[in-house]
$ cat final.csv   # CSV, C-alpha atoms
chain,number,residue,atom,x,y,z
A,2,MET,CA,0.0,0.0,0.0
A,3,GLU,CA,1.2,3.5,-0.8
A,4,GLU,CA,2.5,5.5,2.1
A,5,VAL,CA,0.0,7.6,4.1
A,6,LYS,CA,1.1,10.5,6.2
A,7,LEU,CA,-1.1,13.0,8.2
A,8,LEU,CA,0.2,16.4,9.1
A,9,GLY,CA,-1.8,17.7,12.1
A,10,THR,CA,-1.6,19.3,15.5
A,11,TRP,CA,-2.7,17.9,18.8
A,12,ALA,CA,-5.3,20.5,19.8
A,13,SER,CA,-7.1,20.6,16.4
A,14,PRO,CA,-10.5,18.9,16.0
A,15,PHE,CA,-9.9,19.1,12.2
A,16,SER,CA,-6.8,16.9,12.6
A,17,TYR,CA,-8.8,14.5,14.7
A,18,ARG,CA,-11.5,14.2,12.1
A,19,VAL,CA,-9.0,12.7,9.7
A,20,LEU,CA,-7.3,10.6,12.3
A,21,TRP,CA,-10.6,9.1,13.4
A,22,ALA,CA,-11.5,8.3,9.7
A,23,LEU,CA,-8.2,6.6,9.1
A,24,LYS,CA,-8.5,4.5,12.2
A,25,HIS,CA,-12.1,3.6,11.4
A,26,LYS,CA,-10.9,2.3,8.0
A,27,ALA,CA,-7.9,0.6,9.6
A,28,ILE,CA,-5.5,2.5,7.4
A,29,LYS,CA,-1.8,2.5,8.5
A,30,TYR,CA,-0.4,6.0,8.5
A,31,GLU,CA,2.4,8.1,9.9
A,32,TYR,CA,1.4,11.1,12.0
A,33,VAL,CA,3.5,14.3,11.9
A,34,GLU,CA,2.9,16.9,14.6
A,35,GLU,CA,3.0,20.4,13.2
A,36,ASP,CA,3.7,23.6,15.2
A,37,ILE,CA,1.1,26.0,13.7
A,38,PHE,CA,3.2,29.0,15.0
A,39,ASN,CA,6.3,27.7,13.2
A,40,LYS,CA,5.1,25.9,10.2
A,41,SER,CA,7.4,23.3,8.6
A,42,GLU,CA,8.6,23.4,5.0
A,43,LEU,CA,6.7,20.2,4.4
A,44,LEU,CA,3.4,21.8,5.4
A,45,LEU,CA,4.0,24.9,3.4
A,46,ARG,CA,5.0,22.9,0.4
A,47,CYS,CA,2.0,20.5,0.7
A,48,ASN,CA,-0.6,23.3,1.4
A,49,PRO,CA,0.8,26.4,-0.3
A,50,ILE,CA,-2.7,28.0,-0.6
A,51,HIS,CA,-4.0,27.9,2.9
A,52,LYS,CA,-0.8,26.9,4.8
A,53,LYS,CA,-3.0,25.0,7.4
A,54,ILE,CA,-3.3,21.6,8.9
A,55,PRO,CA,-4.6,19.0,8.4
A,56,VAL,CA,-2.9,17.7,5.3
A,57,LEU,CA,-3.1,14.1,4.1
A,58,ILE,CA,-0.2,12.8,2.0
A,59,HIS,CA,-1.0,9.6,0.1
A,60,GLY,CA,1.6,8.2,-2.2
A,61,GLY,CA,3.4,11.5,-2.2
A,62,LYS,CA,0.3,13.5,-3.2
A,63,PRO,CA,-1.0,16.0,-0.7
A,64,ILE,CA,-4.7,16.7,0.0
A,65,ALA,CA,-5.7,19.7,2.1
A,66,GLU,CA,-8.9,20.7,4.0
A,67,SER,CA,-10.4,18.2,6.4
A,68,ILE,CA,-13.7,17.7,4.6
A,69,VAL,CA,-12.0,17.2,1.3
A,70,ILE,CA,-9.7,14.7,3.0
A,71,LEU,CA,-12.6,12.8,4.5
A,72,GLU,CA,-14.3,12.5,1.1
A,73,TYR,CA,-11.0,11.3,-0.4
A,74,ILE,CA,-10.6,8.7,2.3
A,75,GLU,CA,-14.2,7.5,1.8
A,76,GLU,CA,-13.6,7.1,-1.9
A,77,ILE,CA,-10.1,5.6,-1.9
A,78,TRP,CA,-10.9,3.1,0.9
A,79,PRO,CA,-14.6,2.2,0.6
A,80,GLU,CA,-14.3,-0.6,3.3
A,81,ASN,CA,-16.1,0.2,6.5
A,82,PRO,CA,-18.1,3.1,4.9
A,83,LEU,CA,-18.7,6.2,6.8
A,84,LEU,CA,-21.4,7.5,4.5
A,85,PRO,CA,-24.8,5.8,4.2
A,86,GLN,CA,-25.3,3.5,1.2
A,87,ASP,CA,-28.8,4.9,0.5
A,88,PRO,CA,-28.4,7.8,-2.0
A,89,TYR,CA,-30.9,10.0,-0.1
A,90,GLU,CA,-29.4,9.4,3.3
A,91,ARG,CA,-25.9,10.0,1.8
A,92,THR,CA,-27.1,13.3,0.4
A,93,MET,CA,-28.6,14.3,3.8
A,94,ALA,CA,-25.3,13.5,5.5
A,95,ARG,CA,-23.5,15.7,3.0
A,96,PHE,CA,-26.1,18.5,3.6
A,97,TRP,CA,-25.4,18.5,7.4
A,98,ILE,CA,-21.7,18.3,6.9
A,99,LYS,CA,-21.9,21.4,4.6
A,100,PHE,CA,-24.2,23.1,7.1
A,101,GLY,CA,-21.6,22.7,9.9
A,102,GLU,CA,-18.8,23.9,7.7
A,103,ASP,CA,-20.7,26.9,6.4
A,104,LYS,CA,-21.7,28.0,9.9
A,105,GLY,CA,-18.2,27.2,11.5
A,106,PRO,CA,-17.2,30.9,11.8
A,107,ILE,CA,-20.5,31.7,13.6
A,108,PHE,CA,-19.9,28.7,16.0
A,109,PHE,CA,-16.5,30.0,17.1
A,110,ASN,CA,-17.3,33.7,17.3
A,111,PHE,CA,-17.9,33.4,21.0
A,112,PHE,CA,-14.3,32.5,21.5
A,113,HIS,CA,-12.9,35.4,19.5
A,114,THR,CA,-15.1,38.2,20.9
A,115,VAL,CA,-15.6,40.0,24.2
A,116,GLY,CA,-18.3,42.0,26.0
A,117,GLU,CA,-21.6,42.5,24.2
A,118,GLU,CA,-20.2,40.9,21.0
A,119,GLN,CA,-19.5,37.8,22.9
A,120,VAL,CA,-23.0,37.7,24.4
A,121,LYS,CA,-24.5,38.0,21.0
A,122,ALA,CA,-22.1,35.4,19.5
A,123,THR,CA,-22.9,32.9,22.3
A,124,GLU,CA,-26.7,33.2,21.6
A,125,GLU,CA,-26.0,32.7,17.9
A,126,ALA,CA,-24.0,29.6,18.6
A,127,LYS,CA,-26.9,28.2,20.8
A,128,GLU,CA,-29.3,28.8,17.9
A,129,LEU,CA,-27.2,26.8,15.6
A,130,LEU,CA,-26.9,24.0,18.2
A,131,LYS,CA,-30.6,23.9,18.5
A,132,ILE,CA,-31.0,23.6,14.7
A,133,ILE,CA,-28.5,20.7,14.6
A,134,GLU,CA,-30.2,19.0,17.5
A,135,GLU,CA,-33.8,19.3,16.2
A,136,TYR,CA,-33.3,18.9,12.4
A,137,GLY,CA,-30.0,17.1,12.0
A,138,LEU,CA,-29.8,14.6,14.9
A,139,GLY,CA,-33.5,14.4,16.0
A,140,GLU,CA,-34.3,11.2,18.0
A,141,LYS,CA,-31.5,9.2,16.4
A,142,GLU,CA,-28.6,7.8,18.5
A,143,PHE,CA,-26.1,9.1,15.9
A,144,PHE,CA,-26.6,11.4,12.9
A,145,GLY,CA,-26.7,8.5,10.5
A,146,GLY,CA,-28.8,6.2,12.7
A,147,ASP,CA,-27.6,3.6,15.1
A,148,LYS,CA,-23.8,3.8,14.4
A,149,ILE,CA,-21.2,6.4,14.0
A,150,GLY,CA,-20.8,7.9,10.5
A,151,LEU,CA,-19.1,10.8,8.7
A,152,THR,CA,-21.5,13.4,10.0
A,153,ASP,CA,-20.7,12.4,13.6
A,154,ILE,CA,-17.0,12.6,12.9
A,155,VAL,CA,-17.4,16.1,11.4
A,156,TYR,CA,-19.4,17.3,14.4
A,157,GLY,CA,-17.2,15.5,16.9
A,158,TRP,CA,-15.7,18.8,18.0
A,159,ILE,CA,-19.1,19.6,19.6
A,160,ALA,CA,-18.8,16.5,21.7
A,161,CYS,CA,-15.1,16.6,22.5
A,162,TRP,CA,-13.9,20.3,22.2
A,163,LEU,CA,-16.8,22.6,22.7
A,164,ASP,CA,-16.8,22.3,26.5
A,165,ALA,CA,-13.1,23.3,26.6
A,166,PHE,CA,-13.6,26.2,24.3
A,167,ALA,CA,-16.6,27.4,26.3
A,168,GLU,CA,-14.9,27.1,29.7
A,169,ALA,CA,-11.8,29.0,28.4
A,170,ALA,CA,-14.1,31.7,27.1
A,171,GLY,CA,-16.2,31.9,30.3
A,172,VAL,CA,-19.5,30.9,28.6
A,173,LYS,CA,-22.0,28.0,28.9
A,174,LEU,CA,-23.2,26.4,25.7
A,175,LEU,CA,-23.9,22.6,25.6
A,176,GLU,CA,-26.0,22.2,28.7
A,177,ALA,CA,-28.0,19.1,29.2
A,178,ASP,CA,-31.2,20.9,30.2
A,179,SER,CA,-31.1,23.1,27.0
A,180,PHE,CA,-29.8,20.4,24.6
A,181,PRO,CA,-30.7,17.0,26.0
A,182,GLN,CA,-30.5,15.1,22.7
A,183,LEU,CA,-27.3,16.7,21.6
A,184,GLN,CA,-25.7,16.1,25.0
A,185,ALA,CA,-26.8,12.5,25.0
A,186,TRP,CA,-25.3,12.1,21.5
A,187,ALA,CA,-22.1,13.7,22.7
A,188,ASP,CA,-21.9,11.3,25.6
A,189,ARG,CA,-22.5,8.3,23.3
A,190,PHE,CA,-20.0,9.6,20.8
A,191,LYS,CA,-17.2,9.9,23.4
A,192,GLU,CA,-17.8,6.3,24.5
A,193,VAL,CA,-17.3,4.8,21.1
A,194,PRO,CA,-13.9,3.0,21.5
A,195,LEU,CA,-12.5,4.6,18.3
A,196,ILE,CA,-13.1,8.0,19.7
A,197,LYS,CA,-12.5,7.3,23.4
A,198,ASP,CA,-9.0,5.9,22.7
A,199,ASN,CA,-8.0,8.8,20.4
A,200,LEU,CA,-8.6,12.1,22.2
A,201,PRO,CA,-6.3,14.9,23.4
A,202,ASN,CA,-6.1,15.4,27.2
A,203,HIS,CA,-8.9,17.7,28.3
A,204,ASP,CA,-6.9,19.5,30.9
A,205,LYS,CA,-4.1,20.2,28.5
A,206,MET,CA,-6.6,21.5,25.9
A,207,LEU,CA,-8.2,23.7,28.5
A,208,THR,CA,-4.9,25.2,29.5
A,209,TYR,CA,-4.0,25.8,25.8
A,210,PHE,CA,-7.3,27.4,25.0
A,211,LYS,CA,-7.2,29.6,28.1
A,212,SER,CA,-3.9,30.9,27.0
A,213,ARG,CA,-5.2,31.6,23.5
A,214,ARG,CA,-8.3,33.3,25.0
A,215,GLU,CA,-6.1,35.6,27.2
A,216,LYS,CA,-4.3,36.8,24.1
A,217,ILE,CA,-7.6,37.6,22.4
A,218,ILE,CA,-8.8,39.6,25.5
A,219,ALA,CA,-5.4,41.4,25.7
A,220,SER,CA,-5.6,42.3,22.0
A,221,ALA,CA,-9.2,43.5,22.3
A,222,THR,CA,-8.6,45.7,25.3
A,223,SER,CA,-5.2,47.2,24.2
$ encode --input "final.csv" --output "structure tokens"
Amino acid sequence: MEEVKLLGTWASPFSYRVLWALKHKAIKYEYVEEDIFNKSELLLRCNPIHKKIPVLIHGGKPIAESIVILEYIEEIWPENPLLPQDPYERTMARFWIKFGEDKGPIFFNFFHTVGEEQVKATEEAKELLKIIEEYGLGEKEFFGGDKIGLTDIVYGWIACWLDAFAEAAGVKLLEADSFPQLQAWADRFKEVPLIKDNLPNHDKMLTYFKSRREKIIASATS
């Protein structure tokens, strides 16, 4: 099999999307940790447009952007599929994946703003969570039904990163009384062995995001 290499960083949910998909497919790969504040020549050469992680290198050919990488993985290694076989269900999965990507900047505004702007951004994030809970997840155990799929992997940051982001920013978002179905899904998702065995340390993440948040506040008040 051609060599597979993943360029990522430990605190990035986008890196973990790709890592989870590779492990789900039982694909052997080499992981290369990148310093996003001191980017390697390899990263800059493999992703000269955006200069960001993650990047998947397969047989010497680089693929950038996590969603594009996930689609590539699903196409190249169709075993253990992450997308539904039914055309309609597959289309719906892609719809919710695109929804999450399109709304990504709105989701994270609460972390990058302060004062009244942060209050507004927090409410906007909650509105999006409610839409995802009501129309995307519904009463299902996972987004695709009774087992983990690509949509779950894409939204995995809600289950595994959002609490750390919110705590670092001093806000409350995914509370069980406000989002009972989404919280229940998050708990189930984190108990899937594939996910449970491949997560960054929560305390380390929290320390890292608090440091990032302090810099944002300092910049906003200077």
$ closest_residue --input "final.csv" --among "A:Pro194, A:Gly171, A:Pro201, A:Gly9" --to "Val115 in chain A" --atoms "only C-alpha atoms"
A:Gly171
$ closest_residue --input "final.csv" --among "A:Trp97, A:Asp103, A:Ile54, A:Leu83" --to "Lys148 in chain A" --atoms "all atoms listed in the file"
A:Leu83
$ closest_residue --input "final.csv" --among "A:Glu134, A:Glu215, A:Leu207, A:Pro14" --to "Gln184 in chain A" --atoms "only C-alpha atoms"
A:Glu134
$ atom_distance --input "final.csv" --atom1 "CA of Glu75 in chain A" --atom2 "CA of Leu43 in chain A"
24.6 Å
$ closest_residue --input "final.csv" --among "A:Lys26, A:Leu7, A:Thr114, A:Ile77" --to "Pro63 in chain A" --atoms "only C-alpha atoms"
A:Leu7
$ residues_near_point --input "final.csv" --point "(-13.1, 4.2, 16.4)" --cutoff "10 Å" --atoms "only C-alpha atoms" --output "ChimeraX atom specification"
/A:20-27,149,154,190-199
$ write_last_selection --input "final.csv" --atoms "C-alpha atoms" --output "PDB file, keeping the file's coordinate frame"
ATOM      1  CA  LEU A  20      -7.300  10.600  12.300  1.00  0.00           C
ATOM      2  CA  TRP A  21     -10.600   9.100  13.400  1.00  0.00           C
ATOM      3  CA  ALA A  22     -11.500   8.300   9.700  1.00  0.00           C
ATOM      4  CA  LEU A  23      -8.200   6.600   9.100  1.00  0.00           C
ATOM      5  CA  LYS A  24      -8.500   4.500  12.200  1.00  0.00           C
ATOM      6  CA  HIS A  25     -12.100   3.600  11.400  1.00  0.00           C
ATOM      7  CA  LYS A  26     -10.900   2.300   8.000  1.00  0.00           C
ATOM      8  CA  ALA A  27      -7.900   0.600   9.600  1.00  0.00           C
ATOM      9  CA  ILE A 149     -21.200   6.400  14.000  1.00  0.00           C
ATOM     10  CA  ILE A 154     -17.000  12.600  12.900  1.00  0.00           C
ATOM     11  CA  PHE A 190     -20.000   9.600  20.800  1.00  0.00           C
ATOM     12  CA  LYS A 191     -17.200   9.900  23.400  1.00  0.00           C
ATOM     13  CA  GLU A 192     -17.800   6.300  24.500  1.00  0.00           C
ATOM     14  CA  VAL A 193     -17.300   4.800  21.100  1.00  0.00           C
ATOM     15  CA  PRO A 194     -13.900   3.000  21.500  1.00  0.00           C
ATOM     16  CA  LEU A 195     -12.500   4.600  18.300  1.00  0.00           C
ATOM     17  CA  ILE A 196     -13.100   8.000  19.700  1.00  0.00           C
ATOM     18  CA  LYS A 197     -12.500   7.300  23.400  1.00  0.00           C
ATOM     19  CA  ASP A 198      -9.000   5.900  22.700  1.00  0.00           C
ATOM     20  CA  ASN A 199      -8.000   8.800  20.400  1.00  0.00           C
TER      21      ASN A 199
END
$ residues_around --input "final.csv" --residues "Lys211 in chain A" --least-positions-apart "3" --cutoff "9 Å" --atoms "only C-alpha atoms" --output "list in words"
Ala165, Phe166, Glu168, Ala169, Ala170, Met206, Leu207, Thr208, Arg214, Glu215 and Lys216 of chain A
$ write_last_selection --input "final.csv" --atoms "C-alpha atoms" --output "mmCIF file, in the coordinates of the input"
data_model
loop_
_atom_site.group_PDB
_atom_site.id
_atom_site.type_symbol
_atom_site.label_atom_id
_atom_site.label_comp_id
_atom_site.auth_asym_id
_atom_site.auth_seq_id
_atom_site.Cartn_x
_atom_site.Cartn_y
_atom_site.Cartn_z
ATOM 1 C CA ALA A 165 -13.100 23.300 26.600
ATOM 2 C CA PHE A 166 -13.600 26.200 24.300
ATOM 3 C CA GLU A 168 -14.900 27.100 29.700
ATOM 4 C CA ALA A 169 -11.800 29.000 28.400
ATOM 5 C CA ALA A 170 -14.100 31.700 27.100
ATOM 6 C CA MET A 206 -6.600 21.500 25.900
ATOM 7 C CA LEU A 207 -8.200 23.700 28.500
ATOM 8 C CA THR A 208 -4.900 25.200 29.500
ATOM 9 C CA ARG A 214 -8.300 33.300 25.000
ATOM 10 C CA GLU A 215 -6.100 35.600 27.200
ATOM 11 C CA LYS A 216 -4.300 36.800 24.100
#
$ atom_distance --input "final.csv" --atom1 "CA of Glu66 in chain A" --atom2 "CA of Lys53 in chain A"
8.1 Å
$ atom_distance --input "final.csv" --atom1 "CA of Lys62 in chain A" --atom2 "CA of Ile28 in chain A"
16.3 Å
$ residues_around --input "final.csv" --residues "Trp186 in chain A" --least-positions-apart "3" --cutoff "9 Å" --atoms "only C-alpha atoms" --output "list of chain:residue names"
A:Leu138, A:Lys141, A:Glu142, A:Phe143, A:Phe144, A:Ala160, A:Pro181, A:Gln182, A:Leu183, A:Arg189, A:Phe190, A:Lys191
$ closest_residue --input "final.csv" --among "A:Phe109, A:Tyr73, A:Tyr32, A:Tyr136" --to "Trp158 in chain A" --atoms "only C-alpha atoms"
A:Phe109
$ residues_around --input "final.csv" --residues "Phe15 in chain A" --least-positions-apart "3" --cutoff "7 Å" --atoms "all atoms listed in the file" --output "PDB file with C-alpha atoms, in the coordinates of the input"
ATOM      1  CA  ARG A  18     -11.500  14.200  12.100  1.00  0.00           C
ATOM      2  CA  VAL A  19      -9.000  12.700   9.700  1.00  0.00           C
ATOM      3  CA  PRO A  55      -4.600  19.000   8.400  1.00  0.00           C
ATOM      4  CA  SER A  67     -10.400  18.200   6.400  1.00  0.00           C
TER       5      SER A  67
END
$ closest_residue --input "final.csv" --among "A:Asn110, A:Glu140, A:Gly145, A:Asp204" --to "Ile217 in chain A" --atoms "all atoms listed in the file"
A:Asn110
$ residues_around --input "final.csv" --residues "Ala94 in chain A" --least-positions-apart "6" --cutoff "9 Å" --atoms "all atoms listed in the file" --output "list in words"
Leu84, Pro85, Gly137, Phe144, Gly145, Gly150, Leu151 and Thr152 of chain A
